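First the structure, in the form of structure tokens, and then the observations on it.
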Amino acid sequence: MRPRFDTKQLARRLSQGVFLLLFFVLLIKTDYDGRNELGYPVKIFLDADLLVLLSSLLSAWKLPATLFLALLFVPVTLLFGRAFCGWVCPFGTLHHAVSFTGKKSVKERGVKTRGARWKYAVLIFFLGAALLGIQLSGLLDPISFLIRSLSLSVLPGLNGLLRGFLDWGFHLSWRPVSDVFDGAYTFLRAHFLSFFPARYEQAFLFFALFLLLLSLDRYRTRFFCRFVCPLGGLLGLLSRAGLLRLSMNEKCTNCMRCRDVCAGGANPHTEKNWSPSECVTCFNCTATCPEGALEWKFTVARGTQDRLDVHRRAVLASLTIGAASAAVMKTSPVSARPAPELVRPPGSRAEDDFLSRCVRCGECMKVCITGGLQPTLFSAGIEGIWTPLLVSKIGYCEYNCTLCGQVCPTSAIRKLTPEEKRKTVIGLAFVDPSRCIPFAQGTPCIVCEEHCPTPRKAIVFTERPGKGGRTVKVPVVVLDLCIGCGICEYKCPVADLAGIRVTSVGESRNPRNRLNLPVGPYPP
């Protein structure tokens, strides 16, 4: 007997397609379009992330109003189980597609295994770290992970390939063909290509991690969702009390087809041991059952047999290890003494508050006009891994841009007005006489002063003897005017190691990170 047509399964597929398409559209629109205001709700998936809400509440004890959108999924989960995982989550949709595309049914695919408990250990570890003020959940949160992977590796790679191909076609000698490429570039530039062809450090690492998690789906269906995802663990805990439940009647012939197509490893082939905490409400089981032996009904859970296999000792151990790890991270030298290269985006909160909020989603890096915002590795300590910092030799902070604060879901970077932004100091420029052209070579150069964006130039010139008895103008940084935007370092003709460089000293967010100038009298 052939499997029945199932409208619920069709609705699920349509929902997955719509939300995945919406996710990609919003991700592409997280970009500068000529205005200083984003025209799309680009961070709505992060705003709807219940794990981001909970971990932010525990780590920062404050929440932006937008994150309360995630609370809508509490009643949804209590009604329909892990519907977010099976119907909404774009990363879950990609895992689902890789798991089932071109792959026949695998024996015991839908059997719950002991490995399912590891996602609860990951969840509890992150919550333990959050209790001590370190926000680590974004490392494996599915929405943050997907945005970071696509924004910092996949999309820049596609942009580079497309730009190279279109540039090749534009320079073809036959005019009709080159005109077609020119039109294609105009269209793609308006709808897909980024404003600036950014390049990100660690891009290959993000790409490799992304491919690794997807490739594991060929080993176990939705591997990340079943064994790793902390958001899946959180929703799984709520799903145990879900009202939509699977039941089995006497028509069952034990053919095990439901087991072989189960996406979550929820034991649909046995009513007694069916696991709502693992079920992603995909409806594959009822659509595949040839006898119509499985049904979905709304009923109150009574004495559920859904075992999490997470013992009290394991919970306490994960919580303790998470908290202890956060405590050890806080002993990093960066916590006591600011790192010179740690120039944070304008509007960033004080470092401790910043680390308690930042979910490492990469949205601020994606939207940066110049590509200057880069993911840290260990320059902010291990507790600050993959948080944003400005690398001025790669890109500077545009004087009138406030986009990074607009896309931050947890207000780790505050949304500033253009007037506030222009007064926010993120660092200070220092001239290196050993590499500055007028100092070291005695040759005139005014590039840094020429590009300084402040109304009163933060770089001025003083004269000193140069080559051949001539005087040469050398740059001097005015401490009270420099905001540390880094455009002087970016534009410096000394390409490898600029003759003027920006460090974090003087930043507005940290009153302890200041120049300790000696009090006169000064030597002549």
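Please note that chains go A, B, ... in the order of the structure tokens, that every chain numbers its residues from 1, and that ligands are numbered from 1 in the order shown.
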
**Q.** Distance query Ala65 in chain A at most 12 Å, only C-alpha atoms, self and fewer than 2 positions along chain excluded, as a PyMOL selection string
**A.** chain A and resi 47-48+53+57+62-63+67-71+409-411

Q: For Trp274 in chain A, please output as a list of chain:residue names all residues within 8 Å (counting only C-alpha atoms; exclusion window: fewer than 4 positions along the same chain).
A: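 Close residues of Trp274 in chain A: A:Leu246, A:Ala266, A:Asn267, A:Pro268, A:His269, A:Thr270, A:Gln305, A:Asp306.
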
Q.
Residues within 12 Å of range 467-477 of chain A, please, as an MDAnalysis selection string. Count only C-alpha atoms; anything in the same chain fewer than 6 positions from it doesn't count.
A. chainID A and resid 428:433 435:450 452 456:461 483:484 488 492 499:502

Q. What does the distance from CA of Cys285 in chain A to CA of Ala241 in chain A come to in Å, to one decimal?
A. 20.5 Å

Q: Identify, with DSSP run on backbone atoms, the residues in range 30-275 of chain A assigned to strand (DSSP E), and express the list as a VMD selection string.
A: chain A and resid 244 to 248

Selection to disk with N, CA, C and O atoms, as a PDB file, in the first residue's frame:
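Result saved to part33.pdb:
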```
ATOM      1  N   LEU A 244       0.178  18.538  21.563  1.00  0.00           N
ATOM      2  CA  LEU A 244       0.050  17.751  20.341  1.00  0.00           C
ATOM      3  C   LEU A 244       0.899  16.497  20.485  1.00  0.00           C
ATOM      4  O   LEU A 244       2.130  16.565  20.549  1.00  0.00           O
ATOM      5  N   ARG A 245       0.230  15.347  20.500  1.00  0.00           N
ATOM      6  CA  ARG A 245       0.945  14.115  20.806  1.00  0.00           C
ATOM      7  C   ARG A 245       0.600  13.024  19.792  1.00  0.00           C
ATOM      8  O   ARG A 245      -0.477  13.011  19.205  1.00  0.00           O
ATOM      9  N   LEU A 246       1.547  12.118  19.624  1.00  0.00           N
ATOM     10  CA  LEU A 246       1.408  11.032  18.665  1.00  0.00           C
ATOM     11  C   LEU A 246       0.796   9.813  19.340  1.00  0.00           C
ATOM     12  O   LEU A 246       1.195   9.419  20.435  1.00  0.00           O
ATOM     13  N   SER A 247      -0.188   9.229  18.666  1.00  0.00           N
ATOM     14  CA  SER A 247      -0.817   8.016  19.197  1.00  0.00           C
ATOM     15  C   SER A 247      -0.850   6.944  18.111  1.00  0.00           C
ATOM     16  O   SER A 247      -0.745   7.227  16.925  1.00  0.00           O
ATOM     17  N   MET A 248      -1.009   5.697  18.538  1.00  0.00           N
ATOM     18  CA  MET A 248      -0.982   4.552  17.622  1.00  0.00           C
ATOM     19  C   MET A 248      -2.194   3.673  17.892  1.00  0.00           C
ATOM     20  O   MET A 248      -2.575   3.448  19.046  1.00  0.00           O
TER      21      MET A 248
END
```

Q.
I'd like the contact shell of Pro90 in chain A - 8 Å cut-off, only C-alpha atoms, skipping same-chain residues fewer than 3 positions apart - returned as a ChimeraX atom specification.
A. /A:16,19-20,23,93-94,143

Selected residues written out, C-alpha atoms, as a JSON list (two decimals), in the first residue's frame:
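As written to disk, selection-v5.json reads:
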```json
[["chain", "number", "residue", "atom", "x", "y", "z"],
["A", 16, "GLN", "CA", 10.30, 25.62, 5.85],
["A", 19, "PHE", "CA", 11.14, 30.91, 6.34],
["A", 20, "LEU", "CA", 14.39, 29.80, 4.69],
["A", 23, "PHE", "CA", 16.10, 34.30, 6.18],
["A", 93, "THR", "CA", 15.74, 23.24, 7.28],
["A", 94, "LEU", "CA", 19.23, 22.95, 5.77],
["A", 143, "ILE", "CA", 20.57, 31.15, 14.26]]
```

**Q.** Long-range neighbours of range 323-338 of chain A as a ChimeraX atom specification, 12 Å cut-off, only C-alpha atoms, 2 positions minimum in chain
**A.** /A:58-59,124-136,316-321,340-344,350-356,378-385,427,503-507,509-514

Env of Pro75 in chain A: 12 Å cut, atoms = only C-alpha atoms, seq-sep filter 2 positions within chain, self excluded. Answer as a short mmCIF file (atom, residue, chain, number, x, y, z; two decimals) with N, CA and C atoms, in the first residue's frame.
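See result-v4.cif below for the written result:
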```cif
data_model
loop_
_atom_site.label_atom_id
_atom_site.label_comp_id
_atom_site.auth_asym_id
_atom_site.auth_seq_id
_atom_site.Cartn_x
_atom_site.Cartn_y
_atom_site.Cartn_z
N LEU A 50 14.70 31.95 21.42
CA LEU A 50 14.44 31.80 22.85
C LEU A 50 15.72 31.57 23.64
N LEU A 69 10.01 39.05 21.46
CA LEU A 69 9.35 38.32 20.38
C LEU A 69 9.55 36.82 20.57
N ALA A 70 10.69 36.43 21.15
CA ALA A 70 10.98 35.01 21.37
C ALA A 70 9.97 34.36 22.31
N LEU A 71 9.36 35.14 23.19
CA LEU A 71 8.39 34.58 24.13
C LEU A 71 7.17 34.01 23.43
N LEU A 72 6.92 34.45 22.20
CA LEU A 72 5.78 33.90 21.44
C LEU A 72 5.95 32.40 21.20
N PHE A 73 7.20 31.94 21.17
CA PHE A 73 7.43 30.52 20.87
C PHE A 73 7.31 29.63 22.11
N THR A 77 5.46 26.19 21.49
CA THR A 77 6.11 24.93 21.83
C THR A 77 5.26 24.10 22.77
N LEU A 78 4.58 24.74 23.71
CA LEU A 78 3.70 24.01 24.64
C LEU A 78 2.50 23.42 23.92
N LEU A 79 2.12 24.01 22.80
CA LEU A 79 1.00 23.47 22.03
C LEU A 79 1.46 22.41 21.02
N PHE A 80 2.50 22.74 20.26
CA PHE A 80 2.86 21.90 19.11
C PHE A 80 4.22 21.21 19.24
N GLY A 81 4.88 21.32 20.37
CA GLY A 81 6.19 20.72 20.51
C GLY A 81 7.26 21.53 19.79
N ARG A 82 8.30 20.88 19.33
CA ARG A 82 9.43 21.58 18.70
C ARG A 82 9.11 22.00 17.26
N ALA A 83 8.01 22.73 17.11
CA ALA A 83 7.60 23.19 15.79
C ALA A 83 8.58 24.21 15.24
N PHE A 84 9.22 24.99 16.13
CA PHE A 84 10.23 25.94 15.65
C PHE A 84 11.34 25.21 14.91
N LEU A 235 14.06 23.88 23.74
CA LEU A 235 12.71 23.62 23.24
C LEU A 235 12.27 22.19 23.55
N LEU A 238 10.71 22.07 26.97
CA LEU A 238 9.34 22.59 26.97
C LEU A 238 8.39 21.62 26.26
N SER A 239 8.90 20.91 25.25
CA SER A 239 8.04 20.02 24.45
C SER A 239 7.54 18.81 25.22
N ALA A 241 5.91 18.78 27.76
CA ALA A 241 4.55 19.06 28.21
C ALA A 241 3.65 19.47 27.06
N GLY A 242 4.10 19.28 25.81
CA GLY A 242 3.32 19.69 24.65
C GLY A 242 1.98 18.97 24.56
N LEU A 243 0.99 19.66 23.99
CA LEU A 243 -0.36 19.10 23.90
C LEU A 243 -0.56 18.27 22.64
#
```
